[in-house]
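J.: The file below is upload-v5.tsv, TSV, C-alpha atoms:
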chain	number	residue	atom	x	y	z
A	1	MET	CA	80.53	103.39	105.21
A	2	SER	CA	79.86	99.79	104.16
A	3	ILE	CA	81.90	97.08	105.82
A	4	ARG	CA	83.29	94.40	103.51
A	5	PRO	CA	82.00	90.94	104.46
A	6	VAL	CA	84.35	87.98	104.28
A	7	LYS	CA	83.94	86.04	101.04
A	8	GLN	CA	86.46	83.27	101.72
A	9	LEU	CA	88.57	82.16	104.67
A	10	SER	CA	91.32	79.58	104.12
A	11	SER	CA	94.67	78.33	105.32
A	12	ALA	CA	97.90	78.66	103.33
A	13	GLN	CA	99.01	75.22	102.18
A	14	PRO	CA	102.53	73.69	102.39
A	15	THR	CA	104.16	73.69	98.95
A	16	LEU	CA	107.54	72.96	97.38
A	17	GLU	CA	108.84	75.48	94.85
A	18	GLY	CA	112.06	76.37	93.07
A	19	ALA	CA	114.83	73.86	93.73
A	20	GLY	CA	113.05	72.51	96.81
A	21	VAL	CA	112.04	75.51	98.92
A	22	HIS	CA	109.44	74.70	101.59
A	23	LEU	CA	106.84	77.46	101.68
A	24	HIS	CA	103.11	78.03	102.22
A	25	ARG	CA	100.83	79.11	99.36
A	26	ALA	CA	97.77	81.17	100.25
A	27	PHE	CA	96.45	81.12	96.68
A	28	GLY	CA	97.72	80.49	93.18
A	29	PHE	CA	97.26	78.33	90.07
A	30	GLY	CA	93.53	78.20	90.75
A	31	ASP	CA	90.68	80.55	89.87
A	32	PRO	CA	92.29	83.75	88.50
A	33	ASP	CA	89.12	85.70	89.37
A	34	LEU	CA	89.51	85.06	93.12
A	35	ALA	CA	91.76	88.06	93.80
A	36	ASP	CA	92.02	89.63	90.32
A	37	PRO	CA	94.43	91.34	89.52
A	38	PHE	CA	96.50	89.20	91.93
A	39	LEU	CA	97.31	85.65	90.83
A	40	LEU	CA	99.48	84.06	93.51
A	41	PHE	CA	100.65	84.68	97.07
A	42	ASP	CA	103.42	82.71	98.81
A	43	ASP	CA	104.70	82.89	102.38
A	44	PHE	CA	108.31	81.64	102.40
A	45	ARG	CA	108.88	81.54	106.16
A	46	ASN	CA	111.32	78.98	107.50
A	47	GLU	CA	113.88	78.48	110.25
A	48	ARG	CA	115.64	75.46	108.71
A	49	PRO	CA	118.28	76.49	106.13
A	50	GLN	CA	118.13	73.05	104.50
A	51	ASP	CA	114.48	73.80	103.64
A	52	TYR	CA	115.17	76.99	101.68
A	53	LYS	CA	118.86	77.37	100.79
A	54	ALA	CA	118.47	75.71	97.35
A	55	GLY	CA	116.43	78.77	96.40
A	56	PHE	CA	114.80	79.65	93.11
A	57	PRO	CA	117.39	79.16	90.33
A	58	TRP	CA	117.08	80.72	86.87
A	59	HIS	CA	113.48	80.80	85.61
A	60	PRO	CA	111.44	82.93	83.19
A	61	HIS	CA	108.61	85.42	83.74
A	62	ARG	CA	106.38	87.18	81.25
A	63	GLY	CA	103.13	89.13	81.49
A	64	ILE	CA	103.14	89.71	85.27
A	65	GLU	CA	104.70	91.70	88.09
A	66	THR	CA	106.28	90.01	91.13
A	67	ILE	CA	106.37	91.72	94.51
A	68	THR	CA	108.86	90.39	97.07
A	69	TYR	CA	108.70	91.66	100.67
A	70	VAL	CA	111.39	90.42	103.08
A	71	LEU	CA	110.95	90.42	106.86
A	72	ALA	CA	113.95	88.33	107.98
A	73	GLY	CA	117.08	87.08	106.27
A	74	THR	CA	118.10	88.19	102.78
A	75	VAL	CA	117.27	87.35	99.17
A	76	ASP	CA	120.06	87.69	96.59
A	77	HIS	CA	118.78	88.18	93.05
A	78	GLY	CA	120.13	88.46	89.52
A	79	ASP	CA	118.66	88.52	86.03
A	80	SER	CA	119.31	88.13	82.32
A	81	LEU	CA	119.54	91.92	81.88
A	82	GLY	CA	122.58	92.13	84.14
A	83	ASN	CA	120.80	93.41	87.25
A	84	ALA	CA	121.85	92.03	90.63
A	85	GLY	CA	121.31	92.92	94.26
A	86	SER	CA	120.21	91.79	97.69
A	87	LEU	CA	117.00	92.37	99.61
A	88	GLY	CA	117.32	92.61	103.39
A	89	ALA	CA	114.82	92.70	106.26
A	90	GLY	CA	112.11	95.27	105.53
A	91	ASP	CA	113.05	95.68	101.86
A	92	VAL	CA	110.72	95.33	98.88
A	93	GLN	CA	111.31	94.52	95.22
A	94	TRP	CA	108.62	95.17	92.65
A	95	MET	CA	109.64	93.54	89.37
A	96	THR	CA	107.69	94.18	86.18
A	97	ALA	CA	108.52	91.17	84.00
A	98	GLY	CA	106.65	92.59	81.00
A	99	ARG	CA	107.77	91.04	77.70
A	100	GLY	CA	110.15	88.68	79.43
A	101	ILE	CA	112.99	88.20	81.85
A	102	LEU	CA	115.05	85.34	83.29
A	103	HIS	CA	116.03	85.70	86.92
A	104	GLN	CA	116.98	83.87	90.08
A	105	GLU	CA	116.29	84.45	93.78
A	106	MET	CA	118.47	82.83	96.44
A	107	PRO	CA	117.33	83.18	100.08
A	108	LYS	CA	119.70	83.27	103.04
A	109	GLY	CA	118.80	83.15	106.72
A	110	ASP	CA	119.72	85.67	109.39
A	111	ASP	CA	122.21	84.89	112.16
A	112	ARG	CA	119.63	82.52	113.69
A	113	GLY	CA	118.87	80.79	110.40
A	114	ARG	CA	115.49	82.48	109.96
A	115	MET	CA	114.13	83.33	106.53
A	116	HIS	CA	110.82	85.12	106.18
A	117	GLY	CA	109.27	86.87	103.22
A	118	PHE	CA	106.31	87.03	100.91
A	119	GLN	CA	105.92	86.97	97.15
A	120	LEU	CA	102.84	88.26	95.37
A	121	TRP	CA	102.14	88.01	91.64
A	122	ALA	CA	100.09	90.75	89.99
A	123	ASN	CA	98.72	90.30	86.49
A	124	LEU	CA	99.38	92.80	83.71
A	125	PRO	CA	96.62	93.92	81.32
A	126	SER	CA	96.96	92.89	77.67
A	127	SER	CA	98.15	96.40	76.76
A	128	LEU	CA	101.19	96.01	79.04
A	129	LYS	CA	102.00	92.30	78.71
A	130	MET	CA	104.92	93.05	76.40
A	131	THR	CA	106.16	96.22	78.08
A	132	GLU	CA	109.86	96.68	78.87
A	133	PRO	CA	110.97	94.91	82.08
A	134	ARG	CA	111.89	97.10	85.05
A	135	TYR	CA	112.68	96.93	88.76
A	136	GLN	CA	111.77	99.01	91.76
A	137	ASP	CA	114.02	98.10	94.68
A	138	VAL	CA	112.91	99.83	97.88
A	139	LYS	CA	114.84	99.87	101.14
A	140	GLY	CA	112.86	99.33	104.32
A	141	ALA	CA	113.92	102.73	105.65
A	142	ASP	CA	112.15	104.39	102.71
A	143	ILE	CA	108.76	102.81	103.42
A	144	PRO	CA	106.51	105.22	105.36
A	145	VAL	CA	105.39	104.03	108.79
A	146	ILE	CA	102.24	105.46	110.40
A	147	VAL	CA	101.58	104.97	114.13
A	148	ASP	CA	98.05	105.83	115.28
A	149	ASP	CA	97.17	107.02	118.79
A	150	ASP	CA	96.01	103.55	119.85
A	151	GLY	CA	99.28	101.93	118.77
A	152	THR	CA	98.07	100.65	115.39
A	153	THR	CA	101.06	100.63	113.03
A	154	VAL	CA	100.88	100.66	109.22
A	155	ARG	CA	103.78	100.32	106.76
A	156	VAL	CA	102.68	101.76	103.40
A	157	VAL	CA	104.51	99.78	100.70
A	158	CYS	CA	102.33	100.92	97.82
A	159	GLY	CA	99.36	103.24	97.39
A	160	ASP	CA	97.95	106.10	99.47
A	161	PHE	CA	96.93	105.58	103.07
A	162	TRP	CA	96.22	107.98	105.96
A	163	GLY	CA	98.01	110.83	104.21
A	164	LYS	CA	101.13	108.84	103.28
A	165	ARG	CA	102.13	107.38	99.92
A	166	GLY	CA	104.20	104.25	99.46
A	167	PRO	CA	107.44	104.49	97.44
A	168	VAL	CA	106.43	101.92	94.79
A	169	ASP	CA	104.63	103.63	91.89
A	170	GLY	CA	103.59	103.26	88.26
A	171	ILE	CA	101.95	99.87	88.82
A	172	ALA	CA	99.21	98.81	86.40
A	173	ALA	CA	96.67	97.70	89.02
A	174	GLU	CA	97.21	100.83	91.15
A	175	PRO	CA	97.43	98.53	94.18
A	176	GLN	CA	97.46	99.29	97.87
A	177	TYR	CA	99.88	97.08	99.83
A	178	LEU	CA	99.91	97.60	103.61
A	179	ASP	CA	101.65	95.81	106.49
A	180	ILE	CA	99.36	96.40	109.50
A	181	PHE	CA	99.65	95.70	113.22
A	182	VAL	CA	96.63	96.26	115.50
A	183	PRO	CA	97.27	96.01	119.29
A	184	ALA	CA	95.49	93.52	121.51
A	185	GLY	CA	91.77	94.06	121.95
A	186	ARG	CA	91.51	96.95	119.51
A	187	ARG	CA	88.81	97.20	116.85
A	188	LYS	CA	89.98	99.05	113.76
A	189	ALA	CA	88.54	100.05	110.39
A	190	PHE	CA	90.66	100.52	107.26
A	191	PRO	CA	89.31	102.18	104.10
A	192	VAL	CA	89.48	100.21	100.83
A	193	ASP	CA	88.24	101.54	97.51
A	194	THR	CA	84.85	99.96	96.75
A	195	TYR	CA	85.82	98.93	93.21
A	196	ARG	CA	88.96	97.01	94.19
A	197	LYS	CA	89.40	93.35	95.01
A	198	ALA	CA	90.95	92.97	98.47
A	199	PHE	CA	92.45	90.29	100.70
A	200	ALA	CA	94.21	90.10	104.06
A	201	TYR	CA	96.90	87.62	105.06
A	202	ILE	CA	97.42	87.07	108.79
A	203	PHE	CA	100.96	86.14	109.79
A	204	GLU	CA	101.19	87.08	113.49
A	205	GLY	CA	98.71	86.99	116.35
A	206	SER	CA	94.98	86.52	115.87
A	207	GLY	CA	91.78	88.41	115.31
A	208	THR	CA	88.40	88.42	113.59
A	209	PHE	CA	87.13	90.26	110.54
A	210	ARG	CA	83.52	91.23	109.94
A	211	ASP	CA	81.23	88.23	109.28
A	212	ALA	CA	84.01	85.72	110.01
A	213	SER	CA	84.57	83.40	112.92
A	214	LYS	CA	87.91	83.40	114.67
A	215	PRO	CA	90.57	82.47	112.07
A	216	PHE	CA	90.91	78.72	112.21
A	217	GLY	CA	94.15	77.12	113.21
A	218	VAL	CA	96.78	75.86	110.81
A	219	LEU	CA	98.12	72.32	111.05
A	220	THR	CA	101.86	72.47	111.60
A	221	GLU	CA	104.39	69.68	112.11
A	222	LYS	CA	106.24	69.86	115.41
A	223	GLU	CA	108.52	67.44	117.19
A	224	PHE	CA	107.59	66.51	120.77
A	225	GLY	CA	109.39	63.81	122.72
A	226	GLY	CA	111.15	62.65	119.55
A	227	GLU	CA	107.82	62.14	117.75
A	228	GLU	CA	106.50	64.17	114.79
A	229	LEU	CA	103.05	65.53	115.64
A	230	ASN	CA	100.51	67.58	113.71
A	231	ILE	CA	99.47	70.42	116.01
A	232	ARG	CA	96.77	72.95	115.18
A	233	ASP	CA	97.99	76.50	115.73
A	234	GLU	CA	94.95	78.44	116.94
A	235	SER	CA	96.53	81.86	116.46
A	236	GLY	CA	95.15	82.43	112.98
A	237	ASN	CA	98.69	82.37	111.63
A	238	ARG	CA	98.88	81.89	107.81
A	239	THR	CA	95.18	82.62	107.31
A	240	LEU	CA	93.96	84.16	104.04
A	241	VAL	CA	90.86	86.36	104.19
A	242	VAL	CA	89.27	87.31	100.84
A	243	PHE	CA	86.74	90.14	101.09
A	244	ASP	CA	83.56	90.88	99.19
A	245	THR	CA	82.59	94.41	98.14
A	246	GLY	CA	82.42	97.41	100.47
A	247	ASP	CA	84.52	100.45	101.30
A	248	GLU	CA	86.19	99.45	104.57
A	249	VAL	CA	87.68	96.42	106.28
A	250	VAL	CA	87.06	96.02	110.01
A	251	VAL	CA	89.22	93.86	112.26
A	252	GLN	CA	89.01	93.01	115.95
A	253	ALA	CA	92.45	92.13	117.33
A	254	GLY	CA	92.88	89.13	119.60
A	255	ASP	CA	94.67	88.80	122.95
A	256	HIS	CA	98.15	89.30	121.47
A	257	GLY	CA	97.27	91.73	118.72
A	258	ILE	CA	97.20	90.92	115.02
A	259	ARG	CA	99.60	91.59	112.15
A	260	PHE	CA	98.51	91.14	108.56
A	261	LEU	CA	99.03	92.31	105.03
A	262	LEU	CA	96.09	94.15	103.48
A	263	VAL	CA	96.31	94.16	99.68
A	264	SER	CA	93.86	95.55	97.15
A	265	GLY	CA	93.90	96.36	93.45
A	266	ALA	CA	91.71	97.22	90.47
A	267	PRO	CA	90.54	94.03	88.72
A	268	ILE	CA	91.69	93.59	85.11
A	269	ARG	CA	88.81	91.32	84.01
A	270	GLU	CA	90.61	89.82	81.03
A	271	PRO	CA	91.06	86.20	79.90
A	272	VAL	CA	94.00	84.42	81.54
A	273	ALA	CA	96.17	81.83	79.77
A	274	TRP	CA	98.57	80.65	82.42
A	275	HIS	CA	101.38	78.14	82.74
A	276	GLY	CA	103.80	78.59	85.63
A	277	PRO	CA	105.45	82.03	85.68
A	278	ILE	CA	104.18	83.02	82.22
A	279	VAL	CA	100.73	84.63	82.10
A	280	MET	CA	99.17	85.74	78.82
A	281	ASN	CA	95.63	86.29	77.51
A	282	THR	CA	95.37	83.48	74.96
A	283	ARG	CA	96.71	79.96	74.53
A	284	GLU	CA	98.37	81.08	71.29
A	285	GLU	CA	100.32	83.80	73.14
A	286	LEU	CA	101.31	81.27	75.78
A	287	MET	CA	102.57	78.78	73.20
A	288	GLN	CA	104.51	81.56	71.46
A	289	ALA	CA	106.27	82.39	74.74
A	290	PHE	CA	107.37	78.78	75.25
A	291	ASN	CA	108.45	78.47	71.63
A	292	GLU	CA	110.64	81.54	72.15
A	293	LEU	CA	112.11	79.99	75.32
A	294	ARG	CA	113.08	76.87	73.35
A	295	ALA	CA	114.47	78.94	70.48
A	296	GLY	CA	116.49	81.26	72.72
A	297	THR	CA	114.57	84.38	71.59
A	298	PHE	CA	112.57	84.96	74.79
A	299	ILE	CA	114.77	87.87	75.93
A	300	ARG	CA	114.58	90.88	73.57
Take the structure from the file and write it as structure tokens.
T.:
Amino acid sequence: MSIRPVKQLSSAQPTLEGAGVHLHRAFGFGDPDLADPFLLFDDFRNERPQDYKAGFPWHPHRGIETITYVLAGTVDHGDSLGNAGSLGAGDVQWMTAGRGILHQEMPKGDDRGRMHGFQLWANLPSSLKMTEPRYQDVKGADIPVIVDDDGTTVRVVCGDFWGKRGPVDGIAAEPQYLDIFVPAGRRKAFPVDTYRKAFAYIFEGSGTFRDASKPFGVLTEKEFGGEELNIRDESGNRTLVVFDTGDEVVVQAGDHGIRFLLVSGAPIREPVAWHGPIVMNTREELMQAFNELRAGTFIR
């Protein structure tokens, strides 16, 4: 087995999106080759309703798939095709925008005001850019959970892992999307297909991956004694780890264990013409999409 070395280690950056939602972006609107076929990853974790309640009002998507995974609170959604619903803690929505859809996502906190979830954008190959839109809404109870003898726990959202298959299927990039917890002090290896791009996103605890130093801390604003201070969180929280080639990822958990998403997919290796939530292959296709938006012919 060949262990994947770490290609890039970075901190998710504070960003405003939608109608003023405070979130952290691990990657997006940069080099589309970084995590091909994945284009963007946001962590919308917050405990202040005023920082997320404005939500993500009506906006278009074309040429991509959006994957929303909720850990706390709820996300109410609706679209131009008449679909509507609500994602609760543990639920996943995999939306294939295809030829085009208008939708909105409105987050709500739990009884303590907490909202926590992730959104990942996956590119579609040119052959599927204009496919019919569809949804896969998955309840948390339907996601397989594997508990190893040492206490390692894996939720299999998508793909095959340790004899279990995630409920999301028919996705162009044939991705693997895992929510992993490794107990304190444990060293664990996870297989990843050699030909896939792969990244991990740490959101609880700390740990080290092969060829990487301890995940660096993230600057967070905290109030102490009535004064706003920037404090570096040394836990590794909100750390993105992009891996190079190999067929397994190895992690050494820190003193409080480590929880992270491990995501991999087959690269598409096609040109990307990108503006906001519309991703095509050429500038001409991109301009056509925006012309259709202005003309009211975007939805077919």
J.: Report as an MDAnalysis selection string all protein, DNA and RNA residues lying within 6 Å of segment 167-173 of chain A, evaluated on all atoms listed in the file, omitting residues in the same chain fewer than 3 positions from it.
T.: chainID A and resid 158 265:266
J.: Store the residues picked out above in a file with C-alpha atoms, as a short mmCIF file (atom, residue, chain, number, x, y, z; two decimals), keeping the file's coordinate frame.
T.:
data_model
loop_
_atom_site.label_atom_id
_atom_site.label_comp_id
_atom_site.auth_asym_id
_atom_site.auth_seq_id
_atom_site.Cartn_x
_atom_site.Cartn_y
_atom_site.Cartn_z
CA CYS A 158 102.33 100.92 97.82
CA GLY A 265 93.90 96.36 93.45
CA ALA A 266 91.71 97.22 90.47
#
J.: Identify, on the basis of all atoms listed in the file, every residue whose closest approach to Pro175 of chain A does not exceed 12 Å; exclude the query and any residue fewer than 3 positions from it along the same chain; express the result as a PyMOL selection string.
T.: chain A and resi 35-38+65+67+94+120-123+156-161+165-166+168-172+178+192-193+195-199+262-268
J.: Calculated over all atoms listed in the file, which of the candidates A:Phe243, A:Phe290, A:Phe56, A:Phe181 has the smallest distance to Val145 of chain A?
T.: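 Nearest to Val145 of chain A: A:Phe181.
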J.: From the options A:Arg99, A:Arg114, A:Arg155, A:Arg283, which residue's atoms come nearest to Lys129 of chain A, counting all atoms listed in the file?
T.: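 Closest to Lys129 of chain A, using all atoms listed in the file: A:Arg99.
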J.: Calculated over all atoms listed in the file, which of the candidates A:Leu9, A:Leu128, A:Ala273, A:Leu39 has the smallest distance to Gly100 of chain A?
T.: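 The answer is A:Leu128, which sits nearest to Gly100 of chain A.
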J.: Identify which of the residues A:Gly296, A:Gly163, A:Pro107, A:Gly254 lies closest to Ser206 of chain A, counting only C-alpha atoms when measuring atom-to-atom distances.
T.: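 Closest to Ser206 of chain A of all the choices is A:Gly254.
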